[in-house]
file run_21.txt (compact mmCIF, C-alpha atoms)
# COMPACT_ATOMS: atom_id res chain seq x y z
CA MET A 1 -22.94 19.83 29.05
CA SER A 2 -23.21 21.45 25.62
CA GLY A 3 -19.55 20.79 24.90
CA HIS A 4 -20.41 17.17 24.18
CA CYS A 5 -22.30 18.39 21.12
CA TRP A 6 -19.00 18.68 19.26
CA ALA A 7 -18.73 14.90 19.39
CA ALA A 8 -22.09 14.62 17.67
CA ARG A 9 -21.13 17.18 15.02
CA ALA A 10 -17.77 15.57 14.34
CA ALA A 11 -19.20 12.07 14.10
CA THR A 12 -22.07 13.25 11.92
CA GLY A 13 -19.60 15.10 9.75
CA ALA A 14 -17.53 11.96 9.27
CA ALA A 15 -20.61 9.99 8.28
CA ALA A 16 -21.75 12.77 5.97
CA VAL A 17 -18.41 12.68 4.20
CA ALA A 18 -18.82 8.95 3.70
CA LEU A 19 -22.36 9.15 2.38
CA THR A 20 -21.47 11.98 -0.02
CA LEU A 21 -19.34 9.47 -1.89
CA THR A 22 -21.93 6.70 -2.07
CA SER A 23 -23.81 7.13 -5.31
CA GLY A 24 -23.41 4.82 -8.28
CA VAL A 25 -24.47 1.48 -9.73
CA VAL A 26 -24.20 -1.93 -8.15
CA ALA A 27 -21.00 -3.81 -8.94
CA GLN A 28 -20.68 -7.54 -9.28
CA ALA A 29 -19.13 -9.41 -6.36
CA ASP A 30 -16.37 -10.91 -8.50
CA ASP A 31 -15.22 -7.60 -9.97
CA ASP A 32 -11.60 -6.48 -9.47
CA ILE A 33 -12.12 -3.21 -7.62
CA ASP A 34 -9.17 -1.57 -9.35
CA ALA A 35 -10.88 -2.20 -12.68
CA LEU A 36 -14.19 -0.66 -11.63
CA SER A 37 -15.41 2.84 -12.33
CA ALA A 38 -15.36 5.47 -9.60
CA GLU A 39 -19.13 5.15 -9.17
CA GLU A 40 -18.96 1.38 -8.82
CA ILE A 41 -16.14 1.59 -6.27
CA VAL A 42 -18.02 3.94 -3.97
CA GLU A 43 -21.16 1.83 -4.28
CA ARG A 44 -19.28 -1.25 -3.12
CA SER A 45 -17.70 0.81 -0.35
CA ARG A 46 -21.12 2.03 0.74
CA ASP A 47 -22.54 -1.50 0.89
CA ALA A 48 -19.53 -2.73 2.87
CA LEU A 49 -19.93 0.06 5.43
CA LEU A 50 -23.64 -0.62 5.81
CA ASP A 51 -22.96 -4.30 6.55
CA VAL A 52 -20.49 -3.62 9.37
CA LYS A 53 -21.62 -4.51 12.91
CA SER A 54 -18.85 -2.58 14.66
CA LEU A 55 -15.83 -0.45 13.78
CA HIS A 56 -13.19 1.95 15.03
CA LEU A 57 -13.52 5.56 13.88
CA SER A 58 -10.80 8.18 14.21
CA ALA A 59 -11.49 11.73 13.04
CA ARG A 60 -9.05 14.60 13.26
CA GLY A 61 -8.79 18.11 11.92
CA SER A 62 -11.78 20.24 10.95
CA VAL A 63 -14.39 17.71 9.87
CA ASP A 64 -17.40 19.47 11.40
CA GLY A 65 -17.21 22.94 9.87
CA SER A 66 -16.06 24.61 13.10
CA GLY A 67 -12.70 25.66 11.71
CA SER A 68 -10.81 24.37 14.73
CA ASP A 69 -8.63 21.26 14.97
CA GLN A 70 -10.28 18.62 17.12
CA SER A 71 -10.36 14.84 17.20
CA LEU A 72 -12.73 12.00 17.84
CA ASP A 73 -11.62 8.43 18.56
CA LEU A 74 -14.31 5.80 19.14
CA THR A 75 -14.91 2.09 18.84
CA LEU A 76 -18.66 1.59 18.44
CA ASP A 77 -21.25 -0.98 17.41
CA ARG A 78 -24.86 -1.30 16.30
CA GLU A 79 -25.96 -2.18 19.83
CA GLY A 80 -25.04 1.32 20.99
CA ASN A 81 -21.89 0.33 22.88
CA CYS A 82 -18.77 2.44 22.54
CA ALA A 83 -15.43 3.35 24.08
CA GLY A 84 -13.11 6.22 23.27
CA GLY A 85 -12.99 9.94 23.60
CA VAL A 86 -13.22 13.45 22.19
CA ASP A 87 -10.33 15.93 22.21
CA MET A 88 -11.27 19.56 21.61
CA GLY A 89 -7.76 20.93 21.93
CA ASP A 90 -7.59 23.91 24.28
CA ASP A 91 -11.32 23.47 25.01
CA GLY A 92 -10.70 20.18 26.78
CA SER A 93 -11.30 16.48 26.29
CA VAL A 94 -13.83 13.86 27.39
CA GLU A 95 -13.36 10.11 27.79
CA ILE A 96 -16.49 8.10 26.91
CA VAL A 97 -17.60 4.58 27.77
CA LYS A 98 -21.10 3.31 27.00
CA ARG A 99 -22.27 -0.21 27.68
CA GLY A 100 -25.87 -1.33 27.54
CA ASP A 101 -28.07 1.10 29.48
CA ASP A 102 -25.22 3.02 31.15
CA VAL A 103 -22.76 5.69 30.04
CA TRP A 104 -19.61 6.98 31.76
CA LEU A 105 -17.96 10.32 30.97
CA LYS A 106 -14.70 11.78 32.23
CA PRO A 107 -14.24 15.44 31.23
CA ASP A 108 -10.86 17.00 31.99
CA ALA A 109 -10.31 20.28 33.84
CA ALA A 110 -10.03 22.29 30.60
CA PHE A 111 -13.43 21.03 29.50
CA TRP A 112 -15.12 22.10 32.73
CA ASN A 113 -13.40 25.51 32.69
CA THR A 114 -14.37 26.15 29.07
CA HIS A 115 -17.90 24.80 28.93
CA VAL A 116 -19.03 25.33 32.51
CA PRO A 117 -17.21 28.55 33.48
CA ILE A 118 -19.42 29.03 36.54
CA GLY A 119 -18.96 26.04 38.83
CA GLY A 120 -16.95 23.89 36.43
CA SER A 121 -13.90 23.83 38.67
CA THR A 122 -16.13 22.60 41.51
CA PHE A 123 -17.43 19.73 39.38
CA ASP A 124 -13.87 18.84 38.41
CA ALA A 125 -12.82 18.80 42.06
CA ILE A 126 -15.77 16.58 43.04
CA LEU A 127 -14.98 14.09 40.30
CA ASP A 128 -11.29 14.09 41.25
CA GLY A 129 -10.29 12.03 38.22
CA ARG A 130 -13.36 9.79 38.29
CA TYR A 131 -16.06 9.24 35.68
CA MET A 132 -19.58 10.54 36.06
CA LYS A 133 -22.09 7.78 35.40
CA ALA A 134 -25.61 8.14 34.00
CA GLU A 135 -28.35 6.15 32.38
CA ALA A 136 -27.92 6.11 28.62
CA ASP A 137 -31.36 7.66 28.07
CA ASP A 138 -30.57 10.68 30.28
CA PRO A 139 -31.73 13.60 28.07
CA ARG A 140 -28.68 15.65 29.06
CA LEU A 141 -26.41 13.14 27.36
CA LEU A 142 -28.33 12.22 24.21
CA SER A 143 -25.71 13.83 21.96
CA VAL A 144 -23.16 11.40 23.42
CA THR A 145 -25.29 8.28 23.32
CA GLU A 146 -26.34 8.96 19.71
CA VAL A 147 -22.68 9.23 18.68
CA CYS A 148 -22.01 5.88 20.33
CA ASP A 149 -24.53 4.07 18.13
CA LEU A 150 -23.24 2.82 14.78
CA ASP A 151 -26.83 2.85 13.52
CA THR A 152 -26.62 6.67 13.62
CA PHE A 153 -24.14 6.45 10.76
CA ARG A 154 -26.10 3.80 8.91
CA ASP A 155 -29.25 5.91 9.09
CA LEU A 156 -27.40 8.91 7.68
CA ILE A 157 -26.14 6.84 4.79
CA THR A 158 -29.48 5.21 3.95
CA ASP A 159 -31.75 8.20 4.60
CA ASN A 160 -29.94 10.78 2.49
CA ASP A 161 -30.22 11.14 -1.27
CA VAL A 162 -26.76 11.97 -2.57
CA THR A 163 -27.39 11.20 -6.21
CA ALA A 164 -28.03 14.85 -7.13
CA ASP A 165 -25.58 16.62 -9.43
CA ARG A 166 -23.10 17.91 -6.86
CA GLY A 167 -19.83 17.39 -8.67
CA ASP A 168 -17.64 14.81 -10.33
CA LEU A 169 -16.21 11.52 -9.11
CA THR A 170 -12.67 10.69 -10.20
CA LYS A 171 -10.74 7.47 -9.61
CA GLY A 172 -7.04 7.84 -8.83
CA ALA A 173 -4.12 5.48 -9.16
CA LYS A 174 -3.79 2.68 -6.60
CA THR A 175 -1.84 3.76 -3.53
CA GLU A 176 -1.47 2.72 0.12
CA VAL A 177 -2.95 3.70 3.49
CA ASN A 178 -1.13 2.31 6.52
CA GLY A 179 0.70 -0.13 4.26
CA ALA A 180 -2.45 -1.59 2.68
CA PRO A 181 -3.42 -1.08 -0.99
CA VAL A 182 -6.32 1.29 -1.65
CA VAL A 183 -8.01 2.95 -4.59
CA PRO A 184 -8.76 6.65 -4.04
CA VAL A 185 -11.99 8.13 -5.36
CA THR A 186 -12.39 11.90 -5.24
CA PHE A 187 -15.54 14.00 -5.25
CA ALA A 188 -15.05 17.65 -6.23
CA SER A 189 -17.58 20.46 -6.25
CA GLY A 190 -16.53 24.10 -6.15
CA GLY A 191 -13.96 24.44 -3.40
CA GLU A 192 -14.98 21.19 -1.75
CA ARG A 193 -12.81 18.12 -2.30
CA LEU A 194 -13.49 14.75 -0.66
CA THR A 195 -11.41 11.63 -1.19
CA ALA A 196 -12.37 8.12 -0.11
CA HIS A 197 -9.56 5.57 0.02
CA VAL A 198 -11.22 2.19 -0.56
CA ALA A 199 -9.49 -1.08 0.32
CA ALA A 200 -8.28 -2.77 -2.88
CA GLU A 201 -7.96 -6.21 -1.28
CA GLY A 202 -10.58 -8.11 0.67
CA THR A 203 -13.80 -6.34 1.59
CA PRO A 204 -13.86 -2.88 -0.06
CA TYR A 205 -14.19 -0.85 3.14
CA PRO A 206 -13.54 2.88 3.05
CA VAL A 207 -10.43 2.97 5.23
CA ARG A 208 -9.73 6.69 5.03
CA ILE A 209 -11.68 9.76 3.99
CA THR A 210 -10.14 13.19 3.64
CA VAL A 211 -12.06 16.43 3.25
CA ARG A 212 -10.79 19.85 2.21
CA ASP A 213 -13.07 22.86 1.96
CA ASP A 214 -12.45 26.60 2.31
CA GLY A 215 -9.15 26.15 4.09
CA GLU A 216 -10.42 23.41 6.41
CA GLU A 217 -8.96 19.94 6.29
CA GLY A 218 -9.97 16.78 8.11
CA THR A 219 -9.25 13.08 7.99
CA VAL A 220 -11.50 10.21 9.04
CA ASP A 221 -10.01 6.72 9.37
CA PHE A 222 -12.14 3.57 9.62
CA SER A 223 -10.65 0.32 10.94
CA GLY A 224 -11.38 -2.64 13.22
CA PHE A 225 -14.37 -3.69 11.13
CA ASP A 226 -16.59 -6.17 13.03
CA ARG A 227 -14.19 -6.28 15.98
CA PRO A 228 -16.15 -6.06 19.24
CA VAL A 229 -16.18 -2.96 21.40
CA PRO A 230 -14.10 -3.49 24.58
CA THR A 231 -16.38 -4.67 27.38
CA ALA A 232 -14.50 -3.13 30.32
CA THR A 233 -16.37 -0.40 32.21
CA PRO A 234 -15.24 1.87 35.08
CA SER A 235 -15.59 0.31 38.53
CA ALA A 236 -17.91 1.72 41.19
CA ASP A 237 -15.07 3.45 43.03
CA GLU A 238 -14.09 5.17 39.77
CA THR A 239 -17.52 6.78 39.26
CA VAL A 240 -19.83 9.48 40.60
CA ASP A 241 -23.56 9.40 39.85
CA VAL A 242 -24.46 12.22 37.45
CA THR A 243 -27.51 13.18 39.52
CA ALA A 244 -25.37 13.64 42.59
CA LEU A 245 -22.99 15.78 40.57
CA LEU A 246 -25.32 17.85 38.39
CA GLY A 247 -28.70 17.51 40.10
CA ARG A 248 -31.96 16.83 38.34
CA SER A 249 -32.73 20.27 36.95
CA ILE A 250 -30.08 20.56 34.24
CA LYS A 251 -31.70 21.11 30.84
CA PRO A 252 -30.97 18.70 27.99
CA VAL A 253 -28.08 19.59 25.68
call {"tool": "encode", "arguments": {"input": "run_21.txt", "output": "structure tokens"}}
result
Amino acid sequence: MSGHCWAARAATGAAAVALTLTSGVVAQADDDIDALSAEEIVERSRDALLDVKSLHLSARGSVDGSGSDQSLDLTLDREGNCAGGVDMGDDGSVEIVKRGDDVWLKPDAAFWNTHVPIGGSTFDAILDGRYMKAEADDPRLLSVTEVCDLDTFRDLITDNDVTADRGDLTKGAKTEVNGAPVVPVTFASGGERLTAHVAAEGTPYPVRITVRDDGEEGTVDFSGFDRPVPTATPSADETVDVTALLGRSIKPV
């Protein structure tokens, strides 16, 4: 099941982009964000992201350094619940639902053929459009369950020191993302260019982050802040137990 590792890399990449832009000094709560310095804006954006209990994350392009266009679309919270999916283009896609102690995955035929070339078509036939269900602590699926936990992103932000001299922060003119006003702040170092678009009204969430580096380009959108993860899970007749499908001897990814 190593193909699921892309989800971890993409999600980690999105969080890494966010934390790269989070150095600076603390701004006052009553400051007009458009009047703040670039450093103050990203500090407020960092604090807002750390306070979120749930959000929707959509990443597309080459955000993980692989060079290939892929996408990740997840709603996730700090309790480890999530719903969404990963699309790896020609390499296949996987739908993901995690709730409490259980996780459901639905890989498509292209995924099985690409990542499990010997026997993958058999697995796909057994599933027949159903999800495979496992316990969330199944070691084979840790890369998936870690991606589904918003605390993974929070830990990356809080545990990494990004205050080293890695480039310059520049504030751009106010613009819009999806019709809402934002202030862009760009970090540039060598050929790497990252831009965080921070909400100019209400809570200063980072609503979009773009990254360009050595010909790669990716976009990460954040939305649905503090909106709960959908609670619906696949029914019993829509699932196959992962042990019945893969056995007990598969090594962890």
call {"tool": "atom_distance", "arguments": {"input": "run_21.txt", "atom1": "CA of Cys82 in chain A", "atom2": "CA of Asp102 in chain A"}}
result
10.8 Å
call {"tool": "closest_atom_pairs", "arguments": {"input": "run_21.txt", "of": "range 42-159 of chain A", "to": "range 202-214 of chain A", "cutoff": "9 Å", "atoms": "only C-alpha atoms", "output": "JSON lines"}}
result
{"residue": "A:Val42", "atom": "CA", "partner": "A:Pro206", "partner_atom": "CA", "distance": 8.4}
{"residue": "A:Arg44", "atom": "CA", "partner": "A:Pro204", "partner_atom": "CA", "distance": 6.4}
{"residue": "A:Ser45", "atom": "CA", "partner": "A:Tyr205", "partner_atom": "CA", "distance": 5.2}
{"residue": "A:Arg46", "atom": "CA", "partner": "A:Tyr205", "partner_atom": "CA", "distance": 7.9}
{"residue": "A:Asp47", "atom": "CA", "partner": "A:Tyr205", "partner_atom": "CA", "distance": 8.7}
{"residue": "A:Ala48", "atom": "CA", "partner": "A:Tyr205", "partner_atom": "CA", "distance": 5.7}
{"residue": "A:Leu49", "atom": "CA", "partner": "A:Tyr205", "partner_atom": "CA", "distance": 6.2}
{"residue": "A:Ser62", "atom": "CA", "partner": "A:Val211", "partner_atom": "CA", "distance": 8.6}
{"residue": "A:Val63", "atom": "CA", "partner": "A:Val211", "partner_atom": "CA", "distance": 7.1}
{"residue": "A:Gly65", "atom": "CA", "partner": "A:Asp213", "partner_atom": "CA", "distance": 8.9}
call {"tool": "residues_around", "arguments": {"input": "run_21.txt", "residues": "Asp108 in chain A", "least_positions_apart": "4", "cutoff": "7 Å", "atoms": "all atoms listed in the file", "output": "ChimeraX atom specification"}}
result
/A:92-94,112
call {"tool": "closest_residue", "arguments": {"input": "run_21.txt", "among": "A:Ala200, A:Ala173, A:Ala109, A:Asn81", "to": "Thr122 in chain A", "atoms": "all atoms listed in the file"}}
result
A:Ala109
call {"tool": "atom_distance", "arguments": {"input": "run_21.txt", "atom1": "CA of Gly61 in chain A", "atom2": "CA of Thr219 in chain A"}}
result
6.4 Å
call {"tool": "residues_around", "arguments": {"input": "run_21.txt", "residues": "Ser37 in chain A", "least_positions_apart": "2", "cutoff": "10 Å", "atoms": "all atoms listed in the file", "output": "PyMOL selection string"}}
result
chain A and resi 24-25+27+33-35+39-43+169-171+185
call {"tool": "write_last_selection", "arguments": {"input": "run_21.txt", "atoms": "C-alpha atoms", "output": "PDB file, in the coordinates of the input"}}
result
ATOM      1  CA  GLY A  24     -23.410   4.820  -8.280  1.00  0.00           C
ATOM      2  CA  VAL A  25     -24.470   1.480  -9.730  1.00  0.00           C
ATOM      3  CA  ALA A  27     -21.000  -3.810  -8.940  1.00  0.00           C
ATOM      4  CA  ILE A  33     -12.120  -3.210  -7.620  1.00  0.00           C
ATOM      5  CA  ASP A  34      -9.170  -1.570  -9.350  1.00  0.00           C
ATOM      6  CA  ALA A  35     -10.880  -2.200 -12.680  1.00  0.00           C
ATOM      7  CA  GLU A  39     -19.130   5.150  -9.170  1.00  0.00           C
ATOM      8  CA  GLU A  40     -18.960   1.380  -8.820  1.00  0.00           C
ATOM      9  CA  ILE A  41     -16.140   1.590  -6.270  1.00  0.00           C
ATOM     10  CA  VAL A  42     -18.020   3.940  -3.970  1.00  0.00           C
ATOM     11  CA  GLU A  43     -21.160   1.830  -4.280  1.00  0.00           C
ATOM     12  CA  LEU A 169     -16.210  11.520  -9.110  1.00  0.00           C
ATOM     13  CA  THR A 170     -12.670  10.690 -10.200  1.00  0.00           C
ATOM     14  CA  LYS A 171     -10.740   7.470  -9.610  1.00  0.00           C
ATOM     15  CA  VAL A 185     -11.990   8.130  -5.360  1.00  0.00           C
TER      16      VAL A 185
END
call {"tool": "atom_distance", "arguments": {"input": "run_21.txt", "atom1": "CA of Thr233 in chain A", "atom2": "CA of Thr114 in chain A"}}
result
26.8 Å
call {"tool": "closest_residue", "arguments": {"input": "run_21.txt", "among": "A:Gly172, A:Asp221, A:Asn113, A:Val229", "to": "Asp73 in chain A", "atoms": "all atoms listed in the file"}}
result
A:Asp221
call {"tool": "residues_around", "arguments": {"input": "run_21.txt", "residues": "Leu55 in chain A", "least_positions_apart": "2", "cutoff": "12 Å", "atoms": "all atoms listed in the file", "output": "PyMOL selection string"}}
result
chain A and resi 48-53+57-58+73-84+148-151+153+205-207+221-230
call {"tool": "closest_residue", "arguments": {"input": "run_21.txt", "among": "A:Leu127, A:Ala196, A:Leu36, A:Val242", "to": "Pro139 in chain A", "atoms": "all atoms listed in the file"}}
result
A:Val242
call {"tool": "closest_residue", "arguments": {"input": "run_21.txt", "among": "A:Ile96, A:Thr231, A:Leu105, A:Ala110", "to": "Ala134 in chain A", "atoms": "all atoms listed in the file"}}
result
A:Leu105
call {"tool": "decode", "arguments": {"input": "run_21.txt", "residues": "range 47-167 of chain A", "atoms": "C-alpha atoms", "output": "JSON list (two decimals), in the first residue's frame"}}
result
[["chain", "number", "residue", "atom", "x", "y", "z"],
["A", 47, "ASP", "CA", -1.52, 31.91, 15.08],
["A", 48, "ALA", "CA", -4.88, 31.70, 13.31],
["A", 49, "LEU", "CA", -3.96, 28.38, 11.71],
["A", 50, "LEU", "CA", -2.76, 26.95, 15.01],
["A", 51, "ASP", "CA", -6.08, 27.81, 16.67],
["A", 52, "VAL", "CA", -8.23, 26.02, 14.08],
["A", 53, "LYS", "CA", -10.02, 22.86, 15.22],
["A", 54, "SER", "CA", -10.91, 21.66, 11.72],
["A", 55, "LEU", "CA", -10.50, 22.78, 8.12],
["A", 56, "HIS", "CA", -10.73, 21.82, 4.47],
["A", 57, "LEU", "CA", -7.44, 21.46, 2.60],
["A", 58, "SER", "CA", -7.12, 21.24, -1.17],
["A", 59, "ALA", "CA", -3.66, 20.79, -2.70],
["A", 60, "ARG", "CA", -2.97, 20.49, -6.40],
["A", 61, "GLY", "CA", 0.05, 20.53, -8.65],
["A", 62, "SER", "CA", 3.55, 19.56, -7.54],
["A", 63, "VAL", "CA", 3.60, 20.43, -3.84],
["A", 64, "ASP", "CA", 5.62, 17.42, -2.69],
["A", 65, "GLY", "CA", 8.73, 17.62, -4.84],
["A", 66, "SER", "CA", 7.76, 14.66, -7.04],
["A", 67, "GLY", "CA", 7.48, 16.71, -10.20],
["A", 68, "SER", "CA", 4.13, 15.21, -11.14],
["A", 69, "ASP", "CA", 0.71, 16.85, -10.97],
["A", 70, "GLN", "CA", -1.39, 15.31, -8.22],
["A", 71, "SER", "CA", -4.07, 16.52, -5.84],
["A", 72, "LEU", "CA", -5.21, 16.08, -2.29],
["A", 73, "ASP", "CA", -8.66, 17.08, -1.03],
["A", 74, "LEU", "CA", -9.45, 16.52, 2.65],
["A", 75, "THR", "CA", -11.63, 17.85, 5.43],
["A", 76, "LEU", "CA", -9.90, 17.02, 8.71],
["A", 77, "ASP", "CA", -9.91, 17.87, 12.40],
["A", 78, "ARG", "CA", -7.77, 17.64, 15.52],
["A", 79, "GLU", "CA", -9.58, 14.49, 16.64],
["A", 80, "GLY", "CA", -8.13, 12.61, 13.67],
["A", 81, "ASN", "CA", -11.35, 12.44, 11.66],
["A", 82, "CYS", "CA", -11.26, 13.13, 7.94],
["A", 83, "ALA", "CA", -13.05, 12.68, 4.63],
["A", 84, "GLY", "CA", -11.79, 13.23, 1.11],
["A", 85, "GLY", "CA", -9.37, 11.70, -1.29],
["A", 86, "VAL", "CA", -6.07, 11.64, -3.15],
["A", 87, "ASP", "CA", -5.78, 11.80, -6.94],
["A", 88, "MET", "CA", -2.43, 10.74, -8.38],
["A", 89, "GLY", "CA", -3.39, 11.25, -12.01],
["A", 90, "ASP", "CA", -2.50, 8.24, -14.16],
["A", 91, "ASP", "CA", -1.30, 6.43, -11.03],
["A", 92, "GLY", "CA", -4.81, 6.24, -9.64],
["A", 93, "SER", "CA", -6.89, 7.72, -6.85],
["A", 94, "VAL", "CA", -8.02, 6.76, -3.35],
["A", 95, "GLU", "CA", -11.11, 7.88, -1.44],
["A", 96, "ILE", "CA", -10.53, 8.21, 2.32],
["A", 97, "VAL", "CA", -12.89, 8.28, 5.28],
["A", 98, "LYS", "CA", -11.65, 8.13, 8.87],
["A", 99, "ARG", "CA", -13.89, 8.32, 11.89],
["A", 100, "GLY", "CA", -12.80, 7.54, 15.42],
["A", 101, "ASP", "CA", -10.92, 4.23, 15.50],
["A", 102, "ASP", "CA", -11.81, 3.15, 11.95],
["A", 103, "VAL", "CA", -10.62, 4.08, 8.47],
["A", 104, "TRP", "CA", -12.13, 3.26, 5.06],
["A", 105, "LEU", "CA", -10.21, 3.39, 1.78],
["A", 106, "LYS", "CA", -11.43, 2.97, -1.78],
["A", 107, "PRO", "CA", -8.57, 2.74, -4.31],
["A", 108, "ASP", "CA", -9.55, 2.76, -7.98],
["A", 109, "ALA", "CA", -8.40, 0.23, -10.58],
["A", 110, "ALA", "CA", -5.53, 2.44, -11.77],
["A", 111, "PHE", "CA", -4.16, 2.61, -8.23],
["A", 112, "TRP", "CA", -4.14, -1.17, -7.84],
["A", 113, "ASN", "CA", -2.57, -1.69, -11.27],
["A", 114, "THR", "CA", 0.16, 0.88, -10.61],
["A", 115, "HIS", "CA", 1.04, 0.20, -6.99],
["A", 116, "VAL", "CA", 0.24, -3.49, -6.73],
["A", 117, "PRO", "CA", 1.13, -4.79, -10.21],
["A", 118, "ILE", "CA", 1.08, -8.40, -9.02],
["A", 119, "GLY", "CA", -2.39, -9.19, -7.73],
["A", 120, "GLY", "CA", -3.76, -5.65, -7.80],
["A", 121, "SER", "CA", -6.44, -6.48, -10.34],
["A", 122, "THR", "CA", -7.59, -9.32, -8.06],
["A", 123, "PHE", "CA", -7.92, -6.95, -5.10],
["A", 124, "ASP", "CA", -9.88, -4.52, -7.27],
["A", 125, "ALA", "CA", -12.23, -7.30, -8.36],
["A", 126, "ILE", "CA", -12.79, -8.44, -4.77],
["A", 127, "LEU", "CA", -13.62, -4.93, -3.63],
["A", 128, "ASP", "CA", -15.94, -4.42, -6.61],
["A", 129, "GLY", "CA", -16.42, -0.72, -5.89],
["A", 130, "ARG", "CA", -16.50, -1.12, -2.10],
["A", 131, "TYR", "CA", -14.24, 0.36, 0.56],
["A", 132, "MET", "CA", -11.73, -1.67, 2.50],
["A", 133, "LYS", "CA", -12.11, -1.06, 6.22],
["A", 134, "ALA", "CA", -9.38, -1.24, 8.87],
["A", 135, "GLU", "CA", -8.62, -0.13, 12.38],
["A", 136, "ALA", "CA", -7.02, 3.31, 12.37],
["A", 137, "ASP", "CA", -3.91, 2.01, 14.17],
["A", 138, "ASP", "CA", -3.25, -0.66, 11.51],
["A", 139, "PRO", "CA", 0.50, -0.17, 10.81],
["A", 140, "ARG", "CA", -0.08, -0.63, 7.08],
["A", 141, "LEU", "CA", -2.17, 2.52, 6.98],
["A", 142, "LEU", "CA", -0.31, 4.88, 9.30],
["A", 143, "SER", "CA", 0.62, 7.22, 6.44],
["A", 144, "VAL", "CA", -3.10, 7.71, 5.81],
["A", 145, "THR", "CA", -4.20, 8.10, 9.41],
["A", 146, "GLU", "CA", -1.42, 10.62, 10.11],
["A", 147, "VAL", "CA", -2.56, 12.74, 7.15],
["A", 148, "CYS", "CA", -6.10, 12.70, 8.55],
["A", 149, "ASP", "CA", -5.03, 14.32, 11.82],
["A", 150, "LEU", "CA", -4.92, 18.13, 11.85],
["A", 151, "ASP", "CA", -2.47, 17.92, 14.75],
["A", 152, "THR", "CA", 0.09, 16.59, 12.23],
["A", 153, "PHE", "CA", 0.09, 20.04, 10.64],
["A", 154, "ARG", "CA", 0.10, 21.85, 13.97],
["A", 155, "ASP", "CA", 3.10, 19.84, 15.13],
["A", 156, "LEU", "CA", 4.99, 20.69, 11.95],
["A", 157, "ILE", "CA", 4.30, 24.36, 12.46],
["A", 158, "THR", "CA", 5.24, 24.45, 16.16],
["A", 159, "ASP", "CA", 8.20, 22.04, 16.05],
["A", 160, "ASN", "CA", 10.15, 23.63, 13.21],
["A", 161, "ASP", "CA", 12.39, 26.67, 13.52],
["A", 162, "VAL", "CA", 11.87, 28.76, 10.40],
["A", 163, "THR", "CA", 13.43, 31.96, 11.66],
["A", 164, "ALA", "CA", 16.80, 31.27, 10.00],
["A", 165, "ASP", "CA", 17.95, 33.53, 7.18],
["A", 166, "ARG", "CA", 16.35, 31.75, 4.23],
["A", 167, "GLY", "CA", 15.22, 34.67, 2.13]]
